[in-house]
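Right, one structure below, let's go through it.
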Amino acid sequence: MPEWHQLGMACAPLCLLRLGRKFSSTEATRTSVVATLKSSSKSPHDLKKGHALIIKSGSRCDDFVVGNFVASCGVLGLMDYAQEVFEEMPEPNGFVWNTMIRGFQRNGRPLDALVFFRRMRYVGLQPDRFTLPFVVRSSGGLLESWCGKGFHGCVFKFGLEFDVFVQSSLVEMYVEFGDIGMARQVFNEMPERDSVAWTILIGGYVNRCCDMNAARRLFDQMPEKDIVVMNVMIGGYVKLGDVDAANEMFSKVATKDLLMCNTMMGGYVKNWDVGAAYRLFVEMTERDMVSWNTMIGGFIQTGRFKEATELFHRMQTENLRPNDVTIVGMLRACSQVGALDMGKWLHAYVDRNRYLVNVVVGTSLVDMYCKCGVLECAEQIFDQLHDKDVTAWNAMITGFAMHGKSVKALELFRQMQHERIQPNEVTFVGVLCACTHGGLVDEGKQYFHSMVSEFGLTPQLEHYGCMVDLLGRAGLLEEAYDFIKGMPLAPHTGVWGALLGACKIHGNIELAECAIKHLIELDKEDGGYCAILSNIYAKAGRWDDVAKVRALMKERGIEKKPGCSSIEVDGKVHEFGVGDKTHPRSEEIYTMLKEISRRLTMHGYVARTSEVFFDVEEEEKEHALCFHSEKLAIAFGLISTKKGVMLRIVKNLRVCDDCHAATKLISKIFERDLIIRDRSRFHHFRQGICSCGDYW
Ligand code: ZN
Ligand code: ZN
């Protein structure tokens, strides 16, 4: 709420200034001063020179000269400087007042614009068609509809109700207020309408009402459609997700500008049509940072890491300096696929080019190192970061939690409070996750309650999911179930999924059946849950029930989400699906798998066949387990890296019991450290032991 008494108070110094004498410079000097001002007002330094010239030439009270100076200040966003010079004038005329008001309005200072309007009225000056539009727009900017209506009255009072410029500003003001009805009324009453008025109203329907149909009807009536209104329409379609309509309009535009192409490219990406986006990207004659970032972002979003990296490198060969958005996007891509080499390269690049001063880039680096499994590097960068915000703290806390470093995560949480950074909901997901992975039930409960009582945060579904996970893993299954029943929100798949996971660990068939009932209702697509249930039955030897689940899945068309693992070798990311044979070195990989199997058996390893949920012969089950995607990735890692090199694998699903047990042994037999990041956490395998303590 603006301080309205300021409007009156600001008038005081004017009376004192009135006492000054008015000088007037010769016509020749003022023209030359204004010419110099206009030609040199490119920087604040130029402006200072201009100011000196005004003083030297004795033009301090010349309305024309000062008005031009004020306008230059407005362009450079230096309205305080403009005001300083303005206040030295004893009696500025309407032109100077208007320039001040316009300057404030355009520089996002609507309150100052209104203060100046009030002062202008106070000294007895009549507003004109160059005053009111900016006053009206200012009240729109302040979102004070009662004062806006007052200005609407002003328009009539000063006889400007038929001025196109003034009326357009009224339309804009009502659009800003979200009062599309009034905006439409003013628009309808306009005796003549320019394209600005049309565009403002259409923009109002698009951005304020999200009503593309109304916008389209108006657009079709608009006599001459320029590129600005086309951009509004295409942008609206893209924003509201109707990419086909946007595309249709886009294809009919003869001369497309950069903004339009960028918007359309963003639309294709939003529609997951990266092919169309890239075709447009290639066709574009002009590209800016937005174009490059949109395209790179599109590749990242669809998991095409290789293409994203290639484009990033191409950007540099074309001598374009990536900005923060590019860097952050690339780092996120590295996190997704666990591309540590590329991440490290980006880190060096960031260091070299001084991006690290930016806390957003720094946080992305912390996140990347956490997700690629190098906590030490993440910690180092985190410690170096200045002005850490809550997001930076969250990244490090979550990082520790995911790696099972519960004590460190909670320690950091305390330190964060000590430094008076207010935690948010995300912080508590990290904190509760730390408690879960550390089996800290009492602490978890305390933190959950403190969220509300101490920090005034409302627990969301994620937090309830964490709590169910925490209780369930600790074997408190009934308590977890009661907790779900007492939830004020409708539980989502994460909550029931957590209960199901706990049932699997503790072999509770009854609750598992209850959880699965809800899960199938909530998410018909994901067959992963059914797989877990059948595993629970299999463990209990209830093969009839396993078969029933199979039949149910078949009947409902549910499929288990295929597993997929990726591994980075020499800066290249290799992806493997279950039983994948598409890799160029496939033959060697399967030979290695046989060798792994042989050596595992030699060490007394027996496959944990309960993981294979369908009712098949034991031998076949063993065979199916062999080809889980992470095993393929491990085999490839072993044949393509030197002895002793750590293997880092990212898996889209949870690591199964068998792969977990096998990997532990592999780390011992082959003397390799392995890090597997699965859907929810990190497993660091070393010398036959996993960092998760078999608790995941
Ligand atoms: Zn597996
Ligand atoms: Zn583990």
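We name chains A, B, ... following the order of the structure tokens; residues begin at 1 in each chain, and ligands are numbered from 1 as shown.
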
(request) Might you pull out every residue within 9 Å of stretch 244-255 of chain A, with only C-alpha atoms counted and same-chain residues fewer than 5 positions away left off, and present them as a PyMOL selection string? (result) chain A and resi 227+230+233-238+260-261+264+267-268

(message) Show me which residues line ligand 2, defined as having an atom within 6 Å of a ligand atom where only C-alpha atoms and all ligand atoms count, and present them as a PyMOL selection string.
(response) chain A and resi 683+690-692+694

(request) Excluding stretch 487-491 of chain A and any residue of its chain fewer than 4 positions from it, enumerate the residues within 7 Å of it, using only C-alpha atoms, and give them as a ChimeraX atom specification. (result) /A:461,483,495

Go ahead and dump the residues you just picked, N, CA and C atoms, as a PDB file, in the first residue's frame.
ATOM      1  N   LEU A 461       3.039 -33.079   0.676  1.00  0.00           N
ATOM      2  CA  LEU A 461       3.029 -34.521   0.438  1.00  0.00           C
ATOM      3  C   LEU A 461       4.418 -35.147   0.560  1.00  0.00           C
ATOM      4  N   PHE A 483      -0.303 -43.034  10.548  1.00  0.00           N
ATOM      5  CA  PHE A 483       0.140 -41.694  10.140  1.00  0.00           C
ATOM      6  C   PHE A 483      -0.513 -41.305   8.807  1.00  0.00           C
ATOM      7  N   VAL A 495       3.594 -41.436  -0.940  1.00  0.00           N
ATOM      8  CA  VAL A 495       3.281 -41.867   0.424  1.00  0.00           C
ATOM      9  C   VAL A 495       3.010 -43.373   0.455  1.00  0.00           C
TER      10      VAL A 495
END

(message) Report, in Å to a single decimal, how far apart atom CA of A:Gly604 and atom CA of A:Asn535 are.
(response) 23.4 Å

(request) Around ligand 1, at most 9 Å away and counting only C-alpha atoms and all ligand atoms, which residues are there? Put them as a PyMOL selection string, please. (result) chain A and resi 563+611+625-631+654-660+662

Output file for the residues above (N, CA and C atoms, as an mmCIF file, in the first residue's frame):
data_model
loop_
_atom_site.group_PDB
_atom_site.id
_atom_site.type_symbol
_atom_site.label_atom_id
_atom_site.label_comp_id
_atom_site.auth_asym_id
_atom_site.auth_seq_id
_atom_site.Cartn_x
_atom_site.Cartn_y
_atom_site.Cartn_z
ATOM 1 N N GLY A 563 14.138 -50.603 -16.754
ATOM 2 C CA GLY A 563 15.305 -50.051 -16.076
ATOM 3 C C GLY A 563 16.283 -49.496 -17.094
ATOM 4 N N GLU A 611 13.804 -61.488 -6.697
ATOM 5 C CA GLU A 611 13.612 -60.218 -7.386
ATOM 6 C C GLU A 611 12.897 -60.377 -8.717
ATOM 7 N N LEU A 625 18.259 -61.841 -14.298
ATOM 8 C CA LEU A 625 18.921 -60.913 -13.382
ATOM 9 C C LEU A 625 20.258 -60.428 -13.916
ATOM 10 N N CYS A 626 20.929 -61.321 -14.633
ATOM 11 C CA CYS A 626 22.246 -61.020 -15.178
ATOM 12 C C CYS A 626 22.234 -59.795 -16.069
ATOM 13 N N PHE A 627 21.078 -59.555 -16.680
ATOM 14 C CA PHE A 627 21.047 -58.514 -17.695
ATOM 15 C C PHE A 627 20.383 -57.227 -17.220
ATOM 16 N N HIS A 628 20.222 -57.074 -15.921
ATOM 17 C CA HIS A 628 19.742 -55.786 -15.404
ATOM 18 C C HIS A 628 20.683 -54.689 -15.893
ATOM 19 N N SER A 629 20.100 -53.530 -16.183
ATOM 20 C CA SER A 629 20.867 -52.496 -16.875
ATOM 21 C C SER A 629 22.137 -52.097 -16.139
ATOM 22 N N GLU A 630 22.085 -52.062 -14.792
ATOM 23 C CA GLU A 630 23.305 -51.623 -14.100
ATOM 24 C C GLU A 630 24.433 -52.631 -14.243
ATOM 25 N N LYS A 631 24.059 -53.933 -14.415
ATOM 26 C CA LYS A 631 25.109 -54.943 -14.594
ATOM 27 C C LYS A 631 25.804 -54.735 -15.938
ATOM 28 N N ARG A 654 15.057 -48.082 -8.600
ATOM 29 C CA ARG A 654 15.740 -48.496 -7.394
ATOM 30 C C ARG A 654 16.605 -49.717 -7.717
ATOM 31 N N VAL A 655 17.794 -49.766 -7.130
ATOM 32 C CA VAL A 655 18.665 -50.921 -7.341
ATOM 33 C C VAL A 655 18.022 -52.138 -6.688
ATOM 34 N N CYS A 656 17.997 -53.262 -7.397
ATOM 35 C CA CYS A 656 17.346 -54.433 -6.815
ATOM 36 C C CYS A 656 18.294 -55.143 -5.846
ATOM 37 N N ASP A 657 17.729 -55.988 -5.012
ATOM 38 C CA ASP A 657 18.491 -56.702 -3.993
ATOM 39 C C ASP A 657 19.649 -57.473 -4.605
ATOM 40 N N ASP A 658 19.357 -58.141 -5.711
ATOM 41 C CA ASP A 658 20.382 -58.978 -6.326
ATOM 42 C C ASP A 658 21.536 -58.149 -6.854
ATOM 43 N N CYS A 659 21.218 -57.069 -7.589
ATOM 44 C CA CYS A 659 22.278 -56.216 -8.129
ATOM 45 C C CYS A 659 23.089 -55.612 -6.990
ATOM 46 N N HIS A 660 22.404 -55.259 -5.902
ATOM 47 C CA HIS A 660 23.093 -54.662 -4.758
ATOM 48 C C HIS A 660 24.097 -55.648 -4.185
ATOM 49 N N ALA A 662 25.344 -58.328 -5.643
ATOM 50 C CA ALA A 662 26.366 -58.643 -6.644
ATOM 51 C C ALA A 662 27.402 -57.529 -6.722
#

(message) Can you pull out the residues contacting A:Glu192? Cut-off 10 Å, using only C-alpha atoms, and skip same-chain residues under 5 positions away; I want them as a PyMOL selection string.
(response) chain A and resi 162-164+167+187+197

(request) Using DSSP on the backbone coordinates, identify all residues within stretch 64-94 of chain A classified as helix (DSSP H, G or I); present the result as JSON, numbers by chain. (result) {"A": [64, 65, 66, 67, 68, 69, 70, 71, 72, 73, 74, 75, 76, 79, 80, 81, 82, 83, 84, 85, 86, 87, 94]}

(message) Please determine, counting only C-alpha atoms, which residue among A:Pro459, A:Val337, A:Val359, A:Glu555 has the shortest atom-to-atom distance to A:Ile567.
(response) A:Val337

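Going from atom CA of A:Gly399 over to atom CA of A:His506, you cover 27.2 Å.
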
(message) Just the number, please: distance in Å from atom CA of A:Ala378 to atom CA of A:Arg314, one decimal.
(response) 28.0 Å

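Closest to A:Lys388 among A:Ala538, A:Cys154, A:Ala348, A:Val360 is A:Val360, based on only C-alpha atoms.
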
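Near A:Cys209, within 12 Å and counting only C-alpha atoms, sit Val175, Glu176, Phe177, Gly178, Asp179, Ile180, Gly181, Leu201, Ile202, Gly203, Gly204, Tyr205, Val206, Met212, Asn213, Ala214, Ala215, Gly236 and Leu240 of chain A; same-chain residues fewer than 3 positions away were not included.
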